[in-house]
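Read through the structure below, which is laid out as structure tokens, and then see the notes.
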Amino acid sequence: MPQRSRLPVPSFCPVYAGRNTTQRSGFPCRCLTWRLPIPQLLLLCVTCHALLCSLVQPGLERSANLMHLFSNRSNLEQGYCETKARLASSLDFWTLSSENLIALLPVDPVKENYVRKVKNCIFSIAFPTPFKSRVHLVAVSKEVLEDILDLDLSVSETDAFIQLVSGEKIVFGSIPLAHRYGGHQFGIWADQLGDGRAHLIGIYRNRQGEKWELQLKGSGKTPYSRNGDGRAVLRSSVREFLCSEAMHYLGIPTSRAASLVVSDDEVWRDQFYNGNIVKERGTVVLRVAKSWFRIGSLEILAHYGELDLLRTLLDFIIQEHFPSINVQEPNRYVDFFSIVVSETAQLIALWMSVGFAHGVCNTDNFSLLSITIDYGPFGFMEAYNPDFVPNTSDDERRYKIGNQANIGMFNLNKLLQALNPLLDPGQKQLAAQILEGYPVLYYTRFTELFRAKLGLLGERKGDDDLIAFLLHLMEKTEADFTMTFRQLSEITQSQLQELNISQQFWALKTISKHQLFPAWVSQYLLRLKSNMNDSDSERRKRMTTVNPRYVLKNWMAESAVQKAERNDFSEVHLLQQVLQRPFQKHSTAEKAGYSSPTPAWAKDLQVSCSS
């Protein structure tokens with residue numbers, strides 16, 4: 001059994017002494033089990049069809065010496081939490097369940113875990129592969145643990161927690177699953193893809209009644225691993241952990257990251273696909289989301305003509321995640337499509353409002369719940385450039401930041417193609433009309449967001465031109481995107497009017513070098529005068545709530561990664577703290593240069609799909 005260790009919890013995260021919310025039975029922790037025998041689990045812990053039991057590998061049946069079997073029907077029924085306001089101080093009676101998924105969606109009948117073409121199912125049962133070496137817990141999100149998973153932060157200090165989040169053991173009452181999906185990658189159908197290095201370890205229903213799916217990333221091979229080793233490395237995992245949490249605090253729908261563990265297992269990667277293969281360290285991120293279903297989840301079923309299964313999965317998704325739609329309604333798939341179109345337009349407009357480029361906008365990376373998932377070679381734009389491409393693997397610049405809205409349209413069209421076999425002629429026509437409305441939805445939301453970024457109240461003729469004029473000047477002067485808007489939030493109107501821009505406002509000073517900047521300032525100040533019942537202080541206060549001072553620029557993430565490679569996770573913790581309050585000024589962040597121009601050493605930083 002690999003050794004486990006915990007690095008010190010950063011000082012900014014208060015450690016709770018541990019509020020015991022269960023009646024101790026005197027028994028050791030039984031919510032985790034080493035390679036839990038699936039047949040016993042299916043029969044005793046999960047309400048499901050007996051048929052599934054016959055599909056699971058008999059060779060996995062080993063004695064587990066288990067007691068106290070619990071399902072996740074209700075946290076109150078389990079008695080792990082005496083009041084809704086209290087958090088679990090151990091994992092003893094904290095449970096996950098796969099019941100809702102495997103009872104309603106078919107599971108791969110093949111028991112062995114080897115790479116293969118899988119058909120006529122949604123999931124394959126696959127166990128995480130534990131690391132062979134020491135495992136260190138290096139980062140944890142207090143907010144995810146407490147607000148989503150009902151766990152006191154002190155739980156993260158236990159061996160049981162590290163065993164869970166590293167994939168060494170699974171929670172009693174759950175069956176680890178790998179999801180089958182396909183997708184269009186860089187515009188080309190890639191056929192079967194799937195969770196090649198991720199394991200869905202169960203669903204948790206918290207004290208608010210919310211269901212959250214927990215997924216380990218980097219936890220070993222599955223039937224969908226293709227030519228991969230099932231692992232993730234430190235540099236990409238640090239970036240995903242930090243960015244998913246940063247996006248949440250920017251107000252952008254996203255998956256969340258609960259923890260990051262690092263091993264000493266050797267993982268070999270060719271980071272830039274240039275033949276330079278280097279040794280890196282294996283890591284696992286525990287990710288949580290309301291659902292991990294994506295456009296590719298439906299595409300694979302339509303592609304292979306598995307239409308009954310396509311209908312089953314769609315009805316399940318609608319029932320679980322689209323409460324405004326009546327699952328008995330004949331037009332439910334059109335209604336579903338309409339919501340996804342609208343929310344996808346909203347999501348991409350939000351990305352643009354903070355200068356975020358996803359990097360790999362394939363259909364297998366686009367969530368059906370319109371949340372940001374699968375953080376890979378992403379990037380926050382530094383100098384404003386609509387051709388900004390964070391991913392060096394994107395040779396054709398398909399996923400440049402200025403093309404993301406168009407890619408959203410492409411991906412939604414592929415979603416519609418997957419739905420079409422289930423639609424009658426009238427519904428197909430209606431769905432096509434809905435898709436045609438996507439550009440207007442996107443542009444309307446984009447304009448609303450940028451109007452707010454400029455502190456404009458109401459809607460006036462010429463607002464679009466004012467926004468476009470500023471972006472043009474930013475592009476020509478290569479002004480910093482984030483700090484230009486932030487400094488417009490901090491500078492006074494009188495300073496702008498006098499064109500008295502000090503070095504404190506370095507991004508504005510950059511853009512002020514353009515000969516047309518005074519003309520833009522005049523138009524901007526004239527527009528601000530039309531704000532009803534507004535003052536300059538109110539404008540600035542309002543703008544600082546929508547224009548972040550800090551985003552996870554690539555150089556910041558790279559600095560943290562370089563230190564982490566030397567087992568120094570101090571900057572990971574610092575960034576975690578700063579990015580939780582991106583709209584507030586932090587003295588430590590200012591000292592670190594997080595609101596300063598990009599340092600010279602980071603001008604040519606690159607990231608790739610290799611992770």
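Within each chain, counting starts at residue 1; across the structure tokens, chains are named A, B, ... in the order shown, with ligands numbered 1 upward in that order.
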
Exercise for the section: Using DSSP on the backbone, list every residue of range 306-437 of chain A that comes out as helix (DSSP H, G or I), and give them as number ranges by chain. Expected result: A: 307-321, 332-353, 363-365, 401-422, 425-436

Range 319-360 of chain A residues near range 389-410 of chain A within 8 Å, closest pair each, using only C-alpha atoms, as CSV:
```
residue,atom,partner,partner_atom,distance
A:Thr344,CA,A:Gly408,CA,7.0
A:Ala345,CA,A:Gly408,CA,7.3
A:Ile348,CA,A:Ala405,CA,6.3
A:Ala349,CA,A:Ala405,CA,7.7
A:Met352,CA,A:Ile401,CA,7.6
A:Gly355,CA,A:Ile401,CA,7.8
A:Phe356,CA,A:Ile401,CA,7.3
A:Ala357,CA,A:Ile401,CA,5.1
A:His358,CA,A:Tyr399,CA,7.8
A:Gly359,CA,A:Asn391,CA,5.5
A:Val360,CA,A:Tyr399,CA,6.5
```

Handout entry: A:Asn420, A:Thr283, A:Ser512, A:Ser370 ranked by distance to Val135 in chain A, top pick (using only C-alpha atoms)
Key =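 Looking only at the distances to Val135 in chain A, the closest residue turns out to be A:Thr283.
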
Handout entry: Non-local contacts of Leu214 in chain A (10 Å; only C-alpha atoms; under 2 positions in same chain excluded) as a PyMOL selection string
Key = chain A and resi 96+149+165+176+199-204+211-212+216-217+256-258+286-292

Completion exercise
CA of Val238 in chain A sits from CA of Ala139 in chain A at a separation of 9.0 Å

Exercise for the section: Write out as a ChimeraX atom specification which residues come within 12 Å of Pro518 in chain A when counting only C-alpha atoms, dropping same-chain ones fewer than 3 positions away. Expected result: /A:469-470,473,496-501,508-509,511-515,521-525

Handout entry: Residues within 7 Å of range 483-488 of chain A, only C-alpha atoms, excluding chain neighbours under 3 positions, as an MDAnalysis selection string
Key = chainID A and resid 453 479:480 491 505 507:508 544 547:549

Exercise for the section: Give the answer as one residue: which of A:Gln580, A:Thr588, A:Ser133, A:Asn411 has the shortest atom-to-atom distance to Leu242 in chain A, using only C-alpha atoms? Expected result: A:Gln580
